[in-house]
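Pasting structure_35.pdb here (PDB, C-alpha atoms):
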ATOM      1  CA  MET A  27     104.642 111.768 180.762  1.00  0.00           C
ATOM      2  CA  LEU A  28     107.162 113.909 178.854  1.00  0.00           C
ATOM      3  CA  THR A  29     108.709 110.792 177.360  1.00  0.00           C
ATOM      4  CA  THR A  30     105.282 109.616 176.193  1.00  0.00           C
ATOM      5  CA  PHE A  31     104.545 112.992 174.578  1.00  0.00           C
ATOM      6  CA  VAL A  32     107.892 113.054 172.755  1.00  0.00           C
ATOM      7  CA  GLY A  33     107.338 109.515 171.478  1.00  0.00           C
ATOM      8  CA  ARG A  34     103.888 110.377 170.121  1.00  0.00           C
ATOM      9  CA  ALA A  35     105.228 113.520 168.483  1.00  0.00           C
ATOM     10  CA  ARG A  36     107.963 111.546 166.747  1.00  0.00           C
ATOM     11  CA  ARG A  37     105.413 109.000 165.482  1.00  0.00           C
ATOM     12  CA  ALA A  38     103.223 111.851 164.125  1.00  0.00           C
ATOM     13  CA  ILE A  39     106.074 113.819 162.549  1.00  0.00           C
ATOM     14  CA  LYS A  40     107.726 110.895 160.745  1.00  0.00           C
ATOM     15  CA  PRO A  41     104.783 110.108 158.374  1.00  0.00           C
ATOM     16  CA  ALA A  42     104.340 113.795 157.696  1.00  0.00           C
ATOM     17  CA  LEU A  43     108.008 114.102 156.720  1.00  0.00           C
ATOM     18  CA  VAL A  44     107.740 111.057 154.461  1.00  0.00           C
ATOM     19  CA  ILE A  45     104.664 112.486 152.730  1.00  0.00           C
ATOM     20  CA  GLY A  46     106.328 115.897 152.359  1.00  0.00           C
ATOM     21  CA  VAL A  47     109.509 114.443 150.870  1.00  0.00           C
ATOM     22  CA  ALA A  48     107.477 112.253 148.503  1.00  0.00           C
ATOM     23  CA  ALA A  49     105.411 115.233 147.325  1.00  0.00           C
ATOM     24  CA  LEU A  50     108.559 117.318 146.805  1.00  0.00           C
ATOM     25  CA  THR A  51     110.201 114.484 144.857  1.00  0.00           C
ATOM     26  CA  THR A  52     107.110 114.062 142.673  1.00  0.00           C
ATOM     27  CA  ALA A  53     106.964 117.791 141.959  1.00  0.00           C
ATOM     28  CA  CYS A  54     110.652 117.857 140.988  1.00  0.00           C
ATOM     29  CA  ALA A  55     110.177 114.797 138.783  1.00  0.00           C
ATOM     30  CA  SER A  56     107.192 116.436 137.085  1.00  0.00           C
ATOM     31  CA  ARG A  57     109.207 119.573 136.395  1.00  0.00           C
ATOM     32  CA  GLU A  58     112.103 117.503 135.044  1.00  0.00           C
ATOM     33  CA  GLN A  59     109.718 115.510 132.827  1.00  0.00           C
ATOM     34  CA  ALA A  60     108.106 118.708 131.537  1.00  0.00           C
ATOM     35  CA  ALA A  61     111.560 120.089 130.719  1.00  0.00           C
ATOM     36  CA  GLU A  62     112.550 116.886 128.907  1.00  0.00           C
ATOM     37  CA  THR A  63     109.384 116.645 126.831  1.00  0.00           C
ATOM     38  CA  GLY A  64     109.000 120.383 126.230  1.00  0.00           C
ATOM     39  CA  ASP A  65     105.409 120.048 127.404  1.00  0.00           C
ATOM     40  CA  PRO A  66     105.023 122.064 130.621  1.00  0.00           C
ATOM     41  CA  PHE A  67     101.260 122.378 130.049  1.00  0.00           C
ATOM     42  CA  GLU A  68     100.689 118.643 129.612  1.00  0.00           C
ATOM     43  CA  PRO A  69      97.687 118.320 131.989  1.00  0.00           C
ATOM     44  CA  LEU A  70      95.888 121.156 130.190  1.00  0.00           C
ATOM     45  CA  ASN A  71      97.003 119.883 126.772  1.00  0.00           C
ATOM     46  CA  ARG A  72      95.697 116.400 127.546  1.00  0.00           C
ATOM     47  CA  GLY A  73      92.352 117.876 128.564  1.00  0.00           C
ATOM     48  CA  ILE A  74      92.078 119.815 125.296  1.00  0.00           C
ATOM     49  CA  TYR A  75      93.171 116.706 123.382  1.00  0.00           C
ATOM     50  CA  SER A  76      90.371 114.692 125.026  1.00  0.00           C
ATOM     51  CA  VAL A  77      87.810 117.335 124.070  1.00  0.00           C
ATOM     52  CA  ASN A  78      89.172 117.425 120.501  1.00  0.00           C
ATOM     53  CA  MET A  79      88.889 113.649 120.185  1.00  0.00           C
ATOM     54  CA  ALA A  80      85.346 113.664 121.582  1.00  0.00           C
ATOM     55  CA  LEU A  81      84.405 116.320 119.026  1.00  0.00           C
ATOM     56  CA  ASP A  82      86.067 114.294 116.298  1.00  0.00           C
ATOM     57  CA  ASP A  83      84.188 111.126 117.258  1.00  0.00           C
ATOM     58  CA  ALA A  84      80.853 112.925 117.458  1.00  0.00           C
ATOM     59  CA  VAL A  85      81.053 115.301 114.479  1.00  0.00           C
ATOM     60  CA  LEU A  86      84.205 115.477 112.382  1.00  0.00           C
ATOM     61  CA  GLU A  87      84.812 111.811 111.596  1.00  0.00           C
ATOM     62  CA  PRO A  88      81.167 111.075 110.635  1.00  0.00           C
ATOM     63  CA  ALA A  89      81.088 114.205 108.462  1.00  0.00           C
ATOM     64  CA  ALA A  90      84.377 113.245 106.811  1.00  0.00           C
ATOM     65  CA  ASN A  91      83.085 109.740 106.113  1.00  0.00           C
ATOM     66  CA  VAL A  92      79.961 111.150 104.453  1.00  0.00           C
ATOM     67  CA  TYR A  93      82.123 113.544 102.416  1.00  0.00           C
ATOM     68  CA  THR A  94      84.337 110.678 101.234  1.00  0.00           C
ATOM     69  CA  THR A  95      81.324 108.526 100.383  1.00  0.00           C
ATOM     70  CA  VAL A  96      79.380 111.078  98.353  1.00  0.00           C
ATOM     71  CA  THR A  97      82.307 112.893  96.710  1.00  0.00           C
ATOM     72  CA  PRO A  98      84.182 111.105  93.895  1.00  0.00           C
ATOM     73  CA  GLU A  99      87.954 110.971  94.249  1.00  0.00           C
ATOM     74  CA  PRO A 100      88.615 113.282  91.252  1.00  0.00           C
ATOM     75  CA  ALA A 101      86.390 115.899  92.876  1.00  0.00           C
ATOM     76  CA  ARG A 102      88.199 115.506  96.202  1.00  0.00           C
ATOM     77  CA  ASP A 103      91.519 115.928  94.401  1.00  0.00           C
ATOM     78  CA  GLY A 104      90.155 119.103  92.811  1.00  0.00           C
ATOM     79  CA  VAL A 105      89.192 120.429  96.244  1.00  0.00           C
ATOM     80  CA  GLN A 106      92.674 119.730  97.567  1.00  0.00           C
ATOM     81  CA  ASN A 107      94.291 121.364  94.538  1.00  0.00           C
ATOM     82  CA  PHE A 108      92.096 124.442  94.930  1.00  0.00           C
ATOM     83  CA  MET A 109      92.912 124.791  98.642  1.00  0.00           C
ATOM     84  CA  THR A 110      96.620 124.311  97.996  1.00  0.00           C
ATOM     85  CA  ASN A 111      96.578 126.974  95.295  1.00  0.00           C
ATOM     86  CA  LEU A 112      94.619 129.341  97.533  1.00  0.00           C
ATOM     87  CA  ASN A 113      97.418 129.067 100.096  1.00  0.00           C
ATOM     88  CA  GLN A 114     100.203 129.927  97.643  1.00  0.00           C
ATOM     89  CA  PRO A 115     100.342 133.653  98.584  1.00  0.00           C
ATOM     90  CA  VAL A 116     101.131 132.522 102.145  1.00  0.00           C
ATOM     91  CA  VAL A 117     103.895 130.254 100.863  1.00  0.00           C
ATOM     92  CA  PHE A 118     105.191 133.029  98.587  1.00  0.00           C
ATOM     93  CA  ALA A 119     105.366 135.549 101.443  1.00  0.00           C
ATOM     94  CA  ASN A 120     107.302 133.115 103.626  1.00  0.00           C
ATOM     95  CA  THR A 121     109.760 132.092 100.928  1.00  0.00           C
ATOM     96  CA  LEU A 122     110.544 135.784 100.490  1.00  0.00           C
ATOM     97  CA  LEU A 123     110.988 136.256 104.240  1.00  0.00           C
ATOM     98  CA  GLN A 124     113.324 133.257 104.273  1.00  0.00           C
ATOM     99  CA  GLY A 125     115.373 134.689 101.409  1.00  0.00           C
ATOM    100  CA  ASP A 126     114.711 131.729  99.130  1.00  0.00           C
ATOM    101  CA  VAL A 127     114.529 133.397  95.721  1.00  0.00           C
ATOM    102  CA  ARG A 128     114.178 130.202  93.703  1.00  0.00           C
ATOM    103  CA  ALA A 129     111.261 128.960  95.818  1.00  0.00           C
ATOM    104  CA  SER A 130     109.627 132.398  95.592  1.00  0.00           C
ATOM    105  CA  VAL A 131     109.799 132.391  91.802  1.00  0.00           C
ATOM    106  CA  GLU A 132     108.474 128.829  91.576  1.00  0.00           C
ATOM    107  CA  THR A 133     105.633 129.552  94.011  1.00  0.00           C
ATOM    108  CA  PHE A 134     104.615 132.696  92.135  1.00  0.00           C
ATOM    109  CA  GLY A 135     104.716 130.743  88.889  1.00  0.00           C
ATOM    110  CA  ARG A 136     102.599 127.923  90.322  1.00  0.00           C
ATOM    111  CA  PHE A 137      99.968 130.328  91.594  1.00  0.00           C
ATOM    112  CA  THR A 138      99.793 132.206  88.292  1.00  0.00           C
ATOM    113  CA  VAL A 139      99.677 129.116  86.069  1.00  0.00           C
ATOM    114  CA  ASN A 140      97.209 127.163  88.193  1.00  0.00           C
ATOM    115  CA  THR A 141      94.923 130.143  88.740  1.00  0.00           C
ATOM    116  CA  ILE A 142      94.728 130.984  85.028  1.00  0.00           C
ATOM    117  CA  PHE A 143      95.030 127.614  83.316  1.00  0.00           C
ATOM    118  CA  GLY A 144      93.938 125.354  86.158  1.00  0.00           C
ATOM    119  CA  ILE A 145      90.548 127.064  86.679  1.00  0.00           C
ATOM    120  CA  GLY A 146      91.421 128.698  89.969  1.00  0.00           C
ATOM    121  CA  GLY A 147      93.710 125.845  90.940  1.00  0.00           C
ATOM    122  CA  VAL A 148      91.209 122.986  90.650  1.00  0.00           C
ATOM    123  CA  PHE A 149      93.662 121.372  88.224  1.00  0.00           C
ATOM    124  CA  ASP A 150      97.342 121.282  89.136  1.00  0.00           C
ATOM    125  CA  VAL A 151      98.764 122.297  85.768  1.00  0.00           C
ATOM    126  CA  ALA A 152     102.006 123.548  87.299  1.00  0.00           C
ATOM    127  CA  SER A 153     102.973 120.156  88.730  1.00  0.00           C
ATOM    128  CA  ALA A 154     102.270 118.535  85.386  1.00  0.00           C
ATOM    129  CA  ALA A 155     104.669 121.093  83.881  1.00  0.00           C
ATOM    130  CA  GLY A 156     107.347 120.176  86.419  1.00  0.00           C
ATOM    131  CA  VAL A 157     107.162 123.271  88.642  1.00  0.00           C
ATOM    132  CA  GLU A 158     108.129 122.305  92.188  1.00  0.00           C
ATOM    133  CA  GLN A 159     105.639 122.815  95.012  1.00  0.00           C
ATOM    134  CA  HIS A 160     106.840 124.293  98.311  1.00  0.00           C
ATOM    135  CA  GLN A 161     105.349 124.158 101.798  1.00  0.00           C
ATOM    136  CA  GLU A 162     106.300 127.163 103.892  1.00  0.00           C
ATOM    137  CA  ASP A 163     104.552 128.983 106.728  1.00  0.00           C
ATOM    138  CA  PHE A 164     105.511 131.655 109.236  1.00  0.00           C
ATOM    139  CA  GLY A 165     106.306 129.069 111.909  1.00  0.00           C
ATOM    140  CA  GLN A 166     108.955 127.682 109.562  1.00  0.00           C
ATOM    141  CA  THR A 167     110.144 131.214 108.815  1.00  0.00           C
ATOM    142  CA  LEU A 168     110.614 131.894 112.526  1.00  0.00           C
ATOM    143  CA  ALA A 169     112.590 128.637 112.786  1.00  0.00           C
ATOM    144  CA  VAL A 170     114.827 129.749 109.896  1.00  0.00           C
ATOM    145  CA  TRP A 171     115.371 133.007 111.774  1.00  0.00           C
ATOM    146  CA  GLY A 172     116.552 131.016 114.797  1.00  0.00           C
ATOM    147  CA  VAL A 173     113.426 131.159 116.968  1.00  0.00           C
ATOM    148  CA  ALA A 174     113.020 128.038 119.126  1.00  0.00           C
ATOM    149  CA  ASP A 175     109.723 126.161 118.953  1.00  0.00           C
ATOM    150  CA  GLY A 176     108.888 126.818 122.610  1.00  0.00           C
ATOM    151  CA  PRO A 177     106.479 124.712 124.657  1.00  0.00           C
ATOM    152  CA  PHE A 178     104.170 122.232 122.992  1.00  0.00           C
ATOM    153  CA  ILE A 179     100.526 123.310 122.992  1.00  0.00           C
ATOM    154  CA  MET A 180      97.321 121.556 121.985  1.00  0.00           C
ATOM    155  CA  LEU A 181      94.915 123.972 120.309  1.00  0.00           C
ATOM    156  CA  PRO A 182      91.140 123.500 120.500  1.00  0.00           C
ATOM    157  CA  VAL A 183      89.885 121.882 117.260  1.00  0.00           C
ATOM    158  CA  LEU A 184      93.113 122.734 115.385  1.00  0.00           C
ATOM    159  CA  GLY A 185      95.200 120.179 117.267  1.00  0.00           C
ATOM    160  CA  PRO A 186      98.944 119.998 118.032  1.00  0.00           C
ATOM    161  CA  SER A 187     101.157 123.060 117.752  1.00  0.00           C
ATOM    162  CA  SER A 188     103.858 124.965 119.619  1.00  0.00           C
ATOM    163  CA  LEU A 189     104.195 128.521 120.847  1.00  0.00           C
ATOM    164  CA  ARG A 190     106.214 129.415 117.740  1.00  0.00           C
ATOM    165  CA  ASP A 191     103.913 127.641 115.284  1.00  0.00           C
ATOM    166  CA  GLY A 192     100.787 128.950 116.992  1.00  0.00           C
ATOM    167  CA  THR A 193     102.121 132.465 116.485  1.00  0.00           C
ATOM    168  CA  GLY A 194     102.860 131.541 112.882  1.00  0.00           C
ATOM    169  CA  ARG A 195      99.267 130.433 112.328  1.00  0.00           C
ATOM    170  CA  PHE A 196      98.047 133.863 113.411  1.00  0.00           C
ATOM    171  CA  VAL A 197     100.494 135.759 111.166  1.00  0.00           C
ATOM    172  CA  ASP A 198      99.743 133.544 108.147  1.00  0.00           C
ATOM    173  CA  ARG A 199      96.164 134.780 108.162  1.00  0.00           C
ATOM    174  CA  TYR A 200      97.187 138.093 106.636  1.00  0.00           C
ATOM    175  CA  PRO A 201      98.651 137.009 103.263  1.00  0.00           C
ATOM    176  CA  HIS A 202      95.877 134.432 102.732  1.00  0.00           C
ATOM    177  CA  PRO A 203      93.392 135.518 100.008  1.00  0.00           C
ATOM    178  CA  LEU A 204      90.371 134.790 102.210  1.00  0.00           C
ATOM    179  CA  ASN A 205      91.537 137.571 104.537  1.00  0.00           C
ATOM    180  CA  TRP A 206      92.522 140.237 102.019  1.00  0.00           C
ATOM    181  CA  ASN A 207      89.226 142.022 102.582  1.00  0.00           C
ATOM    182  CA  ALA A 208      87.774 142.291 106.095  1.00  0.00           C
ATOM    183  CA  GLU A 209      84.151 142.149 104.984  1.00  0.00           C
ATOM    184  CA  TYR A 210      84.763 139.332 102.532  1.00  0.00           C
ATOM    185  CA  SER A 211      86.694 137.286 105.111  1.00  0.00           C
ATOM    186  CA  GLN A 212      83.544 137.032 107.249  1.00  0.00           C
ATOM    187  CA  SER A 213      81.232 136.197 104.362  1.00  0.00           C
ATOM    188  CA  THR A 214      79.286 132.951 104.160  1.00  0.00           C
ATOM    189  CA  TRP A 215      81.293 131.917 101.090  1.00  0.00           C
ATOM    190  CA  ALA A 216      84.631 132.416 102.860  1.00  0.00           C
ATOM    191  CA  TRP A 217      83.528 130.395 105.874  1.00  0.00           C
ATOM    192  CA  GLY A 218      82.182 127.739 103.524  1.00  0.00           C
ATOM    193  CA  VAL A 219      85.601 127.460 101.873  1.00  0.00           C
ATOM    194  CA  ARG A 220      87.270 127.146 105.283  1.00  0.00           C
ATOM    195  CA  GLY A 221      84.783 124.466 106.306  1.00  0.00           C
ATOM    196  CA  LEU A 222      85.319 122.518 103.086  1.00  0.00           C
ATOM    197  CA  ASN A 223      89.079 122.716 103.600  1.00  0.00           C
ATOM    198  CA  GLY A 224      88.741 121.349 107.132  1.00  0.00           C
ATOM    199  CA  LEU A 225      86.437 118.559 105.973  1.00  0.00           C
ATOM    200  CA  ASP A 226      88.759 117.517 103.154  1.00  0.00           C
ATOM    201  CA  THR A 227      91.779 117.664 105.460  1.00  0.00           C
ATOM    202  CA  ARG A 228      90.065 115.471 108.069  1.00  0.00           C
ATOM    203  CA  ALA A 229      88.967 112.959 105.423  1.00  0.00           C
ATOM    204  CA  ARG A 230      92.551 112.597 104.163  1.00  0.00           C
ATOM    205  CA  ALA A 231      93.792 112.053 107.715  1.00  0.00           C
ATOM    206  CA  GLN A 232      91.491 109.085 108.378  1.00  0.00           C
ATOM    207  CA  GLY A 233      94.268 106.540 107.900  1.00  0.00           C
ATOM    208  CA  VAL A 234      96.437 108.309 110.478  1.00  0.00           C
ATOM    209  CA  PHE A 235      93.616 108.332 113.024  1.00  0.00           C
ATOM    210  CA  THR A 236      92.925 104.641 112.462  1.00  0.00           C
ATOM    211  CA  THR A 237      96.593 103.708 112.857  1.00  0.00           C
ATOM    212  CA  MET A 238      96.961 105.816 115.984  1.00  0.00           C
ATOM    213  CA  GLU A 239      93.884 104.348 117.665  1.00  0.00           C
ATOM    214  CA  SER A 240      94.930 100.763 116.944  1.00  0.00           C
ATOM    215  CA  THR A 241      98.657 100.922 117.747  1.00  0.00           C
ATOM    216  CA  ALA A 242      99.415 103.750 120.167  1.00  0.00           C
ATOM    217  CA  ILE A 243     100.147 102.980 123.810  1.00  0.00           C
ATOM    218  CA  ASP A 244      99.457 106.616 124.601  1.00  0.00           C
ATOM    219  CA  PRO A 245      97.824 108.416 121.620  1.00  0.00           C
ATOM    220  CA  TYR A 246      98.532 111.849 123.098  1.00  0.00           C
ATOM    221  CA  VAL A 247     102.277 111.141 123.247  1.00  0.00           C
ATOM    222  CA  GLN A 248     102.202 109.772 119.703  1.00  0.00           C
ATOM    223  CA  VAL A 249     100.477 112.885 118.379  1.00  0.00           C
ATOM    224  CA  ARG A 250     102.984 115.123 120.158  1.00  0.00           C
ATOM    225  CA  SER A 251     105.984 113.201 118.843  1.00  0.00           C
ATOM    226  CA  ALA A 252     104.607 112.860 115.312  1.00  0.00           C
ATOM    227  CA  TYR A 253     103.910 116.593 115.169  1.00  0.00           C
ATOM    228  CA  ARG A 254     107.434 117.472 116.244  1.00  0.00           C
ATOM    229  CA  GLN A 255     109.034 115.108 113.759  1.00  0.00           C
ATOM    230  CA  LEU A 256     106.814 116.391 110.966  1.00  0.00           C
ATOM    231  CA  ARG A 257     107.686 120.015 111.727  1.00  0.00           C
ATOM    232  CA  ALA A 258     111.402 119.215 111.901  1.00  0.00           C
ATOM    233  CA  SER A 259     111.099 117.587 108.471  1.00  0.00           C
ATOM    234  CA  GLN A 260     109.236 120.566 107.015  1.00  0.00           C
ATOM    235  CA  ILE A 261     111.692 123.093 108.453  1.00  0.00           C
ATOM    236  CA  ALA A 262     114.508 121.091 106.853  1.00  0.00           C
ATOM    237  CA  ASN A 263     112.595 121.379 103.555  1.00  0.00           C
ATOM    238  CA  GLU A 264     112.074 117.632 103.325  1.00  0.00           C
ATOM    239  CA  ASN A 265     108.420 118.239 102.326  1.00  0.00           C
ATOM    240  CA  GLY A 266     107.010 115.958 104.995  1.00  0.00           C
ATOM    241  CA  ASP A 267     103.516 114.624 104.351  1.00  0.00           C
ATOM    242  CA  ALA A 268     101.141 115.471 107.171  1.00  0.00           C
ATOM    243  CA  PHE A 269      99.071 112.417 106.347  1.00  0.00           C
ATOM    244  CA  GLY A 270     101.718 109.894 105.473  1.00  0.00           C
ATOM    245  CA  GLU A 271     102.944 107.194 107.825  1.00  0.00           C
ATOM    246  CA  LEU A 272     103.244 108.301 111.426  1.00  0.00           C
ATOM    247  CA  PRO A 273     106.865 108.827 112.503  1.00  0.00           C
ATOM    248  CA  ASP A 274     108.394 106.580 115.137  1.00  0.00           C
ATOM    249  CA  PHE A 275     107.529 107.877 118.585  1.00  0.00           C
ATOM    250  CA  SER A 276     109.005 105.198 120.831  1.00  0.00           C
ATOM    251  CA  ALA A 277     111.941 107.354 121.983  1.00  0.00           C
ATOM    252  CA  ASP A 278     109.642 110.194 123.034  1.00  0.00           C
ATOM    253  CA  TYR A 279     107.344 107.767 124.831  1.00  0.00           C
ATOM    254  CA  ASP A 280     110.243 106.168 126.689  1.00  0.00           C
ATOM    255  CA  GLU A 281     111.279 109.594 127.953  1.00  0.00           C
ATOM    256  CA  ASP A 282     107.829 110.116 129.422  1.00  0.00           C
ATOM    257  CA  GLU A 283     108.081 106.844 131.317  1.00  0.00           C
TER     258      GLU A 283
END

Represent the structure of the file as structure tokens.
Amino acid sequence: MLTTFVGRARRAIKPALVIGVAALTTACASREQAAETGDPFEPLNRGIYSVNMALDDAVLEPAANVYTTVTPEPARDGVQNFMTNLNQPVVFANTLLQGDVRASVETFGRFTVNTIFGIGGVFDVASAAGVEQHQEDFGQTLAVWGVADGPFIMLPVLGPSSLRDGTGRFVDRYPHPLNWNAEYSQSTWAWGVRGLNGLDTRARAQGVFTTMESTAIDPYVQVRSAYRQLRASQIANENGDAFGELPDFSADYDEDE
């Protein structure tokens, strides 16, 4: 009877040990994968990404298509020029914080010339005059100061970011002209400008979305990799185009496998 009991106990314990070891191995592998990809919140990030894409399919993409259809290209270019000029105080503040005197002078000159002679920036007179355009934000400034990017995060509506760049987004609100006055920043006009900026940005990104949907094995991984490569390019002052060709993401995807 004792022998029978011991035999049954062994048969019951062995599967439990196998399951326990397997679960422990999976957990360790997940932690190692999270460390390799810099994405410890991947399950949550993927959930937010899915919601973002559902919102895009239902609202943003149709609205962007209507905007592109009814707005002539010269008018869309004027909108982009205006939004770029409106962001120049942010760029100026960050070039100063980075100690880049030449970029600060050029950015100040662009803002002054385009605001006065370009009708608020609708026309990019400064570029026509050969004044270089810079793209700097507080996330880049933190990188110049030696702050690591931290974990990858997917923000609702806004999309891919990192802990460092998400912090930068918050700080960059303060030098932006739409936020110089608390009452004005909440006005209908200010929110209208923000909405128009988002609509124009989404319309210009249509090619990227189309390419991603048709070629990506895992669109989430592609977005994560493309974002990181773009930010690395911008931090290196290579003036990466957010809506140019998507960077190669095969190496990042292979790591996830």

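Among the candidates A:Pro115, A:Pro69, A:Pro98, A:Gly125, the one nearest to Tyr200 of chain A when counting all atoms listed in the file is A:Pro115.
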
Check: What lies within 8 Å of Phe149 of chain A using all atoms listed in the file, ignoring chain neighbours under 5 positions off, as a list in words?
Finding: Gly104, Asn107, Phe108, Asn140 and Gly144 of chain A

Note to self: I'd like the interatomic distance between atom CA of Asp83 of chain A and atom CA of Gln161 of chain A, to a tenth of an Å.
What the structure shows: 29.3 Å

Set up a box along x, y and z of the file covering all listed atoms of segment 160-163 of chain A, add 8 Å on every one of the six sides, and write the centre and edge lengths in Å to one decimal, as JSON.
{"center_x": 105.7, "center_y": 126.6, "center_z": 102.5, "size_x": 18.3, "size_y": 20.8, "size_z": 24.4}

Checklist line | Nearest residue to Ala80 of chain A from the set A:Leu225, A:Arg257, A:Val183, A:Val105 (distances using all atoms listed in the file) | finding: A:Val183

What are the nearest atom pairs, with distances in Å to one decimal, for all residues of segment 144-222 of chain A that come at most 8 Å from segment 238-254 of chain A, using all atoms listed in the file, set out by chain and rising residue number as a tab-separated table?
residue	atom	partner	partner_atom	distance
A:Phe178	CA	A:Arg250	CA	7.7
A:Pro186	CA	A:Tyr253	CA	6.7
A:Ser187	CA	A:Tyr253	CA	7.5

Check: For the file shown, what are the residues hit by the PyMOL selection byres ((chain A and resi 180) around 10), laid out as number ranges by chain?
Finding: A: 65, 67-68, 70-75, 78, 178-179, 181-189, 192, 246, 249-250

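With only C-alpha atoms as the atoms that count, the residue of A:Tyr93, A:Phe164, A:Phe235, A:Phe196 with the shortest distance to Val116 of chain A is A:Phe164.
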
For the provided coordinates, the residues matched by the PyMOL selection byres ((chain A and resi 112) around 10) should be stated as a CSV table (one decimal) with C-alpha atoms, in the frame of the given file.
chain,number,residue,atom,x,y,z
A,106,GLN,CA,92.7,119.7,97.6
A,107,ASN,CA,94.3,121.4,94.5
A,108,PHE,CA,92.1,124.4,94.9
A,109,MET,CA,92.9,124.8,98.6
A,110,THR,CA,96.6,124.3,98.0
A,111,ASN,CA,96.6,127.0,95.3
A,113,ASN,CA,97.4,129.1,100.1
A,114,GLN,CA,100.2,129.9,97.6
A,115,PRO,CA,100.3,133.7,98.6
A,116,VAL,CA,101.1,132.5,102.1
A,117,VAL,CA,103.9,130.3,100.9
A,137,PHE,CA,100.0,130.3,91.6
A,140,ASN,CA,97.2,127.2,88.2
A,141,THR,CA,94.9,130.1,88.7
A,146,GLY,CA,91.4,128.7,90.0
A,147,GLY,CA,93.7,125.8,90.9
A,148,VAL,CA,91.2,123.0,90.6
A,202,HIS,CA,95.9,134.4,102.7
A,203,PRO,CA,93.4,135.5,100.0
A,204,LEU,CA,90.4,134.8,102.2

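Comparing the minimum interatomic distances between Glu99 of chain A and each of A:Ala262, A:Arg230, A:Tyr210, A:Phe143, counting only C-alpha atoms, we find that A:Arg230 sits nearest.
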
Margin query: Restricting the calculation to all atoms listed in the file: of A:Ala208, A:Val219, A:Val234, A:Val173, which residue gets closest to Ile261 of chain A?
Written below: A:Val173
